Amino acid sequence: MDLPKLAIASIGGTVSMRAQAASKGVIPTVSGETLMAAVPELTSLAHVNVETLGMLPSASLNFDFLLSVLSWANYQIEQGAVGVVITQGTDTLEESATFFDHLWNHDEPLVLTGAMRSAAQAGADGPANLLDACRVGLADNSRRRGVLVVMNGQIHPAHAVRKTDSMALQAFSSPIVGPAGLLSEGKVHYLRPTLPRNVLPLPQHTTQKVALLQASLSADTLLLENILTLGYDGLVIAGFGAGHLSETWAEAIDDIAKKIPVIIATRCGSGPTARSTYGFKGGEMDLIRRGASMAGFACPRKARILLWLLIGCRRQDDLARYLKEDIRCQQP
Ligand code: GLU
């Protein structure tokens, strides 16, 4: 039978983890080929090319490695794959999904998945998630949706998805917008039409450093005051509430924002930053006057990815436009 081509890469995470001995914790050791063997149905759905590109816990992934995975995925599409699936750790999956989504320049879907329970645990979710991710990767209605995250029967858009539970099987959600779709009886259903996408060029350089700090009650300004001398090229702050800082942090922003881009996001976990509501010192109106950009709906980590990529392709002057487009994309 003439089956469609699908490419799968494994790069590590719980989905690839086993314990070497009963008393030791799990570590990534399971290859992509072995993962695939746990999902025998796949061979009747697609002609699969599976490769093991890494064996890392997702906390240790980095942007250079993700760029090499992206180049592998681009090549798979050139070779005729109708979709690409990547299995990785869930801890940073929301960040790599955003990273890939800004750079994925194909109609074919790039689907990320993982597992909350390792292969040895009762009720391991890896095989079911992998099968679902492959179904999404093969589905016609997944085209022109960019990068998708498939976990626990749900499909999430890369720009909105967050890991919102540290251990639960239902670990991922897309605050405000909800999942983009779901799988039921092996069928892929979307709840919303496709949205226009704006893809960035590949970064020309990758040594730029973007710091991410979180505002907290009664915090000192030591790190903030040293951001420029430490050589950072950009700064994101997970601010209080609608994107607010203390008076002392607000004062420190003055100098920093004259030299490097500064984004203020919210540390709340859901909801946008404000633009024109609060006028107190450290409120968003004051911070905008001092030269900061407000993240809108982008969470602090996704705002940092965007800024790193914009600096990498020398488009940081367009930051406001990209943050605004993020807001548009978030609207259901
Ligand atoms: N819970 C994480 C996972 O699902 C831990 C390890 C990692 O992110 O790589 O994979």
# chains A, B, ... in the order shown; residues from 1 in each chain; ligands from 1

call {"tool": "closest_atom_pairs", "arguments": {"of": "chain A", "to": "ligand 1", "cutoff": "7 Å", "atoms": "only C-alpha atoms and all ligand atoms", "output": "Markdown table"}}
result
| residue | atom | partner | partner_atom_place_in_ligand_line | distance |
| --- | --- | --- | --- | --- |
| A:Gly12 | CA | ligand 1 | 9 (O) | 6.3 |
| A:Gly13 | CA | ligand 1 | 9 (O) | 3.3 |
| A:Thr14 | CA | ligand 1 | 10 (O) | 3.5 |
| A:Val15 | CA | ligand 1 | 10 (O) | 6.1 |
| A:Leu56 | CA | ligand 1 | 9 (O) | 6.5 |
| A:Pro57 | CA | ligand 1 | 9 (O) | 3.3 |
| A:Ser58 | CA | ligand 1 | 9 (O) | 3.6 |
| A:Ala59 | CA | ligand 1 | 8 (O) | 6.0 |
| A:Gln88 | CA | ligand 1 | 10 (O) | 6.5 |
| A:Gly89 | CA | ligand 1 | 10 (O) | 3.1 |
| A:Thr90 | CA | ligand 1 | 4 (O) | 3.9 |
| A:Asp91 | CA | ligand 1 | 8 (O) | 3.7 |
| A:Thr92 | CA | ligand 1 | 8 (O) | 6.1 |
| A:Gly114 | CA | ligand 1 | 4 (O) | 6.1 |
| A:Ala115 | CA | ligand 1 | 4 (O) | 5.1 |
| A:Met116 | CA | ligand 1 | 4 (O) | 4.6 |
| A:Met167 | CA | ligand 1 | 1 (N) | 6.9 |

call {"tool": "residues_around", "arguments": {"residues": "His47 of chain A", "least_positions_apart": "4", "cutoff": "12 Å", "atoms": "only C-alpha atoms", "output": "ChimeraX atom specification"}}
result
/A:1-8,41-43,80-83,134,138

call {"tool": "write_last_selection", "arguments": {"atoms": "C-alpha atoms", "output": "compact mmCIF listing (two decimals), in the first residue's frame"}}
result
# COMPACT_ATOMS: atom_id res chain seq x y z
CA MET A 1 0.00 0.00 0.00
CA ASP A 2 1.20 3.53 -0.78
CA LEU A 3 1.48 5.01 2.69
CA PRO A 4 2.38 8.66 3.42
CA LYS A 5 5.87 9.43 4.71
CA LEU A 6 6.20 10.55 8.34
CA ALA A 7 9.41 11.50 10.15
CA ILE A 8 9.93 11.00 13.89
CA GLU A 41 -0.26 0.46 14.74
CA LEU A 42 2.03 3.09 13.25
CA THR A 43 3.35 0.81 10.53
CA GLY A 80 8.51 14.18 1.08
CA ALA A 81 7.37 13.71 4.70
CA VAL A 82 3.77 14.94 5.18
CA GLY A 83 4.55 15.77 8.80
CA CYS A 134 1.65 10.79 14.55
CA LEU A 138 -0.52 12.74 9.20

call {"tool": "select_by_dssp", "arguments": {"residues": "segment 83-264 of chain A", "states": "alpha helix (DSSP H)", "output": "PyMOL selection string"}}
result
chain A and resi 93-103+126-138+222-225+247-259

call {"tool": "write_last_selection", "arguments": {"atoms": "N, CA and C atoms", "output": "compact mmCIF listing (two decimals), in the first residue's frame"}}
result
# COMPACT_ATOMS: atom_id res chain seq x y z
N LEU A 93 9.05 21.85 26.98
CA LEU A 93 8.35 21.64 25.70
C LEU A 93 7.64 22.92 25.21
N GLU A 94 7.10 23.70 26.15
CA GLU A 94 6.41 24.94 25.75
C GLU A 94 7.39 25.92 25.10
N GLU A 95 8.66 25.87 25.52
CA GLU A 95 9.66 26.78 24.94
C GLU A 95 10.15 26.28 23.58
N SER A 96 10.44 24.98 23.48
CA SER A 96 10.91 24.52 22.17
C SER A 96 9.79 24.61 21.13
N ALA A 97 8.53 24.39 21.56
CA ALA A 97 7.41 24.52 20.61
C ALA A 97 7.36 25.95 20.06
N THR A 98 7.52 26.94 20.93
CA THR A 98 7.51 28.34 20.50
C THR A 98 8.69 28.63 19.59
N PHE A 99 9.86 28.13 19.99
CA PHE A 99 11.08 28.33 19.20
C PHE A 99 10.87 27.82 17.77
N PHE A 100 10.42 26.57 17.66
CA PHE A 100 10.21 25.98 16.33
C PHE A 100 9.10 26.72 15.57
N ASP A 101 8.06 27.11 16.29
CA ASP A 101 6.92 27.74 15.61
C ASP A 101 7.32 29.05 14.92
N HIS A 102 8.21 29.82 15.55
CA HIS A 102 8.66 31.07 14.93
C HIS A 102 9.46 30.81 13.65
N LEU A 103 10.00 29.58 13.50
CA LEU A 103 10.92 29.31 12.38
C LEU A 103 10.40 28.27 11.39
N GLY A 126 3.56 7.55 27.19
CA GLY A 126 4.38 7.80 26.01
C GLY A 126 3.82 7.19 24.72
N PRO A 127 3.51 5.87 24.70
CA PRO A 127 3.04 5.27 23.44
C PRO A 127 1.75 5.93 22.93
N ALA A 128 0.80 6.20 23.83
CA ALA A 128 -0.47 6.83 23.39
C ALA A 128 -0.21 8.23 22.84
N ASN A 129 0.66 8.98 23.52
CA ASN A 129 0.96 10.34 23.04
C ASN A 129 1.67 10.29 21.69
N LEU A 130 2.59 9.32 21.53
CA LEU A 130 3.31 9.22 20.26
C LEU A 130 2.35 8.87 19.12
N LEU A 131 1.45 7.92 19.39
CA LEU A 131 0.49 7.54 18.35
C LEU A 131 -0.41 8.74 18.00
N ASP A 132 -0.89 9.44 19.02
CA ASP A 132 -1.72 10.63 18.76
C ASP A 132 -0.95 11.68 17.96
N ALA A 133 0.31 11.91 18.36
CA ALA A 133 1.12 12.93 17.67
C ALA A 133 1.30 12.54 16.20
N CYS A 134 1.49 11.24 15.94
CA CYS A 134 1.65 10.79 14.55
C CYS A 134 0.34 10.99 13.78
N ARG A 135 -0.77 10.70 14.44
CA ARG A 135 -2.07 10.92 13.76
C ARG A 135 -2.24 12.40 13.40
N VAL A 136 -1.84 13.27 14.32
CA VAL A 136 -1.93 14.71 14.05
C VAL A 136 -0.97 15.07 12.91
N GLY A 137 0.24 14.50 12.95
CA GLY A 137 1.23 14.78 11.91
C GLY A 137 0.77 14.33 10.53
N LEU A 138 -0.07 13.29 10.48
CA LEU A 138 -0.52 12.74 9.20
C LEU A 138 -1.83 13.38 8.71
N LEU A 222 20.21 44.16 42.70
CA LEU A 222 21.60 43.82 42.38
C LEU A 222 21.77 43.20 40.98
N LEU A 223 20.96 42.17 40.69
CA LEU A 223 21.07 41.52 39.39
C LEU A 223 20.71 42.50 38.27
N LEU A 224 19.62 43.23 38.51
CA LEU A 224 19.14 44.18 37.51
C LEU A 224 20.21 45.23 37.18
N GLU A 225 20.84 45.77 38.20
CA GLU A 225 21.85 46.82 37.99
C GLU A 225 23.06 46.31 37.24
N GLU A 247 9.10 50.30 42.63
CA GLU A 247 9.68 51.61 42.25
C GLU A 247 11.17 51.48 41.98
N THR A 248 11.88 50.70 42.82
CA THR A 248 13.34 50.59 42.63
C THR A 248 13.67 49.84 41.33
N TRP A 249 12.91 48.82 41.02
CA TRP A 249 13.15 48.10 39.75
C TRP A 249 12.81 49.01 38.57
N ALA A 250 11.72 49.77 38.70
CA ALA A 250 11.33 50.68 37.61
C ALA A 250 12.45 51.67 37.33
N GLU A 251 13.07 52.23 38.40
CA GLU A 251 14.16 53.19 38.20
C GLU A 251 15.33 52.54 37.46
N ALA A 252 15.60 51.29 37.80
CA ALA A 252 16.73 50.59 37.16
C ALA A 252 16.48 50.35 35.66
N ILE A 253 15.21 50.30 35.28
CA ILE A 253 14.87 50.04 33.86
C ILE A 253 15.32 51.18 32.96
N ASP A 254 15.29 52.42 33.49
CA ASP A 254 15.65 53.60 32.69
C ASP A 254 16.91 53.39 31.87
N ASP A 255 18.01 53.09 32.57
CA ASP A 255 19.31 52.93 31.92
C ASP A 255 19.34 51.73 31.00
N ILE A 256 18.77 50.62 31.49
CA ILE A 256 18.85 49.37 30.73
C ILE A 256 18.13 49.51 29.39
N ALA A 257 16.91 50.09 29.44
CA ALA A 257 16.08 50.16 28.21
C ALA A 257 16.68 51.12 27.18
N LYS A 258 17.61 51.99 27.62
CA LYS A 258 18.28 52.86 26.63
C LYS A 258 19.27 52.05 25.80
N LYS A 259 19.74 50.93 26.33
CA LYS A 259 20.82 50.18 25.67
C LYS A 259 20.35 48.85 25.04

call {"tool": "closest_atom_pairs", "arguments": {"of": "segment 174-266 of chain A", "to": "segment 274-280 of chain A", "cutoff": "10 Å", "atoms": "only C-alpha atoms", "output": "JSON lines"}}
result
{"residue": "A:Gly241", "atom": "CA", "partner": "A:Ala274", "partner_atom": "CA", "distance": 9.0}
{"residue": "A:Ala242", "atom": "CA", "partner": "A:Ala274", "partner_atom": "CA", "distance": 5.2}
{"residue": "A:Gly243", "atom": "CA", "partner": "A:Ala274", "partner_atom": "CA", "distance": 6.6}
{"residue": "A:His244", "atom": "CA", "partner": "A:Tyr278", "partner_atom": "CA", "distance": 8.9}
{"residue": "A:Ser246", "atom": "CA", "partner": "A:Phe280", "partner_atom": "CA", "distance": 9.9}
{"residue": "A:Glu247", "atom": "CA", "partner": "A:Phe280", "partner_atom": "CA", "distance": 8.9}
{"residue": "A:Ala265", "atom": "CA", "partner": "A:Ala274", "partner_atom": "CA", "distance": 9.5}
{"residue": "A:Thr266", "atom": "CA", "partner": "A:Ala274", "partner_atom": "CA", "distance": 9.4}

call {"tool": "write_last_selection", "arguments": {"atoms": "all heavy atoms", "output": "tab-separated table (two decimals), in the first residue's frame"}}
result
chain	number	residue	atom	x	y	z
A	241	GLY	N	1.36	41.07	38.49
A	241	GLY	CA	0.03	41.37	37.92
A	241	GLY	C	0.02	41.66	36.43
A	241	GLY	O	0.45	40.85	35.60
A	242	ALA	N	-0.45	42.84	36.08
A	242	ALA	CA	-0.62	43.20	34.66
A	242	ALA	C	0.69	43.68	34.03
A	242	ALA	O	0.67	44.30	32.97
A	242	ALA	CB	-1.70	44.26	34.53
A	243	GLY	N	1.83	43.39	34.68
A	243	GLY	CA	3.14	43.80	34.13
A	243	GLY	C	3.71	44.95	34.92
A	243	GLY	O	4.04	46.00	34.34
A	244	HIS	N	3.85	44.78	36.22
A	244	HIS	CA	4.28	45.87	37.10
A	244	HIS	C	5.57	45.51	37.84
A	244	HIS	O	5.86	44.34	38.09
A	244	HIS	CB	3.18	46.18	38.13
A	244	HIS	CG	1.89	46.57	37.50
A	244	HIS	ND1	0.67	46.39	38.09
A	244	HIS	CD2	1.64	47.12	36.28
A	244	HIS	CE1	-0.29	46.82	37.28
A	244	HIS	NE2	0.28	47.26	36.18
A	246	SER	N	8.42	47.04	41.15
A	246	SER	CA	8.56	47.95	42.29
A	246	SER	C	9.17	49.27	41.81
A	246	SER	O	9.75	49.33	40.72
A	246	SER	CB	9.47	47.32	43.34
A	246	SER	OG	10.78	47.21	42.79
A	247	GLU	N	9.10	50.30	42.63
A	247	GLU	CA	9.68	51.61	42.25
A	247	GLU	C	11.17	51.48	41.98
A	247	GLU	O	11.69	52.06	41.03
A	247	GLU	CB	9.42	52.63	43.36
A	247	GLU	CG	7.94	52.92	43.53
A	247	GLU	CD	7.66	54.11	44.43
A	247	GLU	OE1	8.63	54.71	44.95
A	247	GLU	OE2	6.47	54.43	44.62
A	265	ALA	N	6.61	41.09	31.07
A	265	ALA	CA	5.50	40.14	30.93
A	265	ALA	C	4.81	40.02	32.30
A	265	ALA	O	5.16	40.75	33.24
A	265	ALA	CB	6.04	38.79	30.48
A	266	THR	N	3.85	39.13	32.40
A	266	THR	CA	3.21	38.92	33.71
A	266	THR	C	3.64	37.57	34.28
A	266	THR	O	3.77	36.59	33.56
A	266	THR	CB	1.68	38.98	33.63
A	266	THR	OG1	1.15	38.52	34.89
A	266	THR	CG2	1.09	38.13	32.51

call {"tool": "select_by_dssp", "arguments": {"residues": "segment 71-314 of chain A", "states": "strand (DSSP E or B)", "output": "ChimeraX atom specification"}}
result
/A:81-87,110-113,147-151,154-157,162-163,172-173,181-184,187-190,210-214,234-240,244,262-266,293-294

call {"tool": "atom_distance", "arguments": {"atom1": "atom CA of Thr34 of chain A", "atom2": "atom CA of Pro109 of chain A"}}
result
23.3 Å

call {"tool": "residues_around", "arguments": {"residues": "Arg315 of chain A", "least_positions_apart": "6", "cutoff": "10 Å", "atoms": "only C-alpha atoms", "output": "list in words"}}
result
Leu200, Pro201, Pro203, Leu307, Leu309 and Tyr322 of chain A

call {"tool": "write_last_selection", "arguments": {"atoms": "C-alpha atoms", "output": "short mmCIF file (atom, residue, chain, number, x, y, z; two decimals), in the first residue's frame"}}
result
data_model
loop_
_atom_site.label_atom_id
_atom_site.label_comp_id
_atom_site.auth_asym_id
_atom_site.auth_seq_id
_atom_site.Cartn_x
_atom_site.Cartn_y
_atom_site.Cartn_z
CA LEU A 200 11.04 34.59 11.15
CA PRO A 201 14.24 34.06 9.19
CA PRO A 203 19.04 33.54 13.27
CA LEU A 307 13.47 38.34 21.72
CA LEU A 309 15.30 35.04 17.81
CA TYR A 322 5.84 40.96 16.85
#

call {"tool": "residues_around", "arguments": {"residues": "His159 of chain A", "least_positions_apart": "3", "cutoff": "12 Å", "atoms": "only C-alpha atoms", "output": "VMD selection string"}}
result
chain A and resid 93 to 102 145 to 149 156 162 173 to 180 195 197 to 198 297 to 299 301 to 303 305 to 306 323 325 to 331

call {"tool": "closest_residue", "arguments": {"among": "A:Met55, A:Leu67, A:Leu245, A:Ile264", "to": "Val30 of chain A", "atoms": "only C-alpha atoms"}}
result
A:Met55

call {"tool": "residues_around", "arguments": {"residues": "Ile237 of chain A", "least_positions_apart": "3", "cutoff": "8 Å", "atoms": "only C-alpha atoms", "output": "ChimeraX atom specification"}}
result
/A:212-215,262-266,300
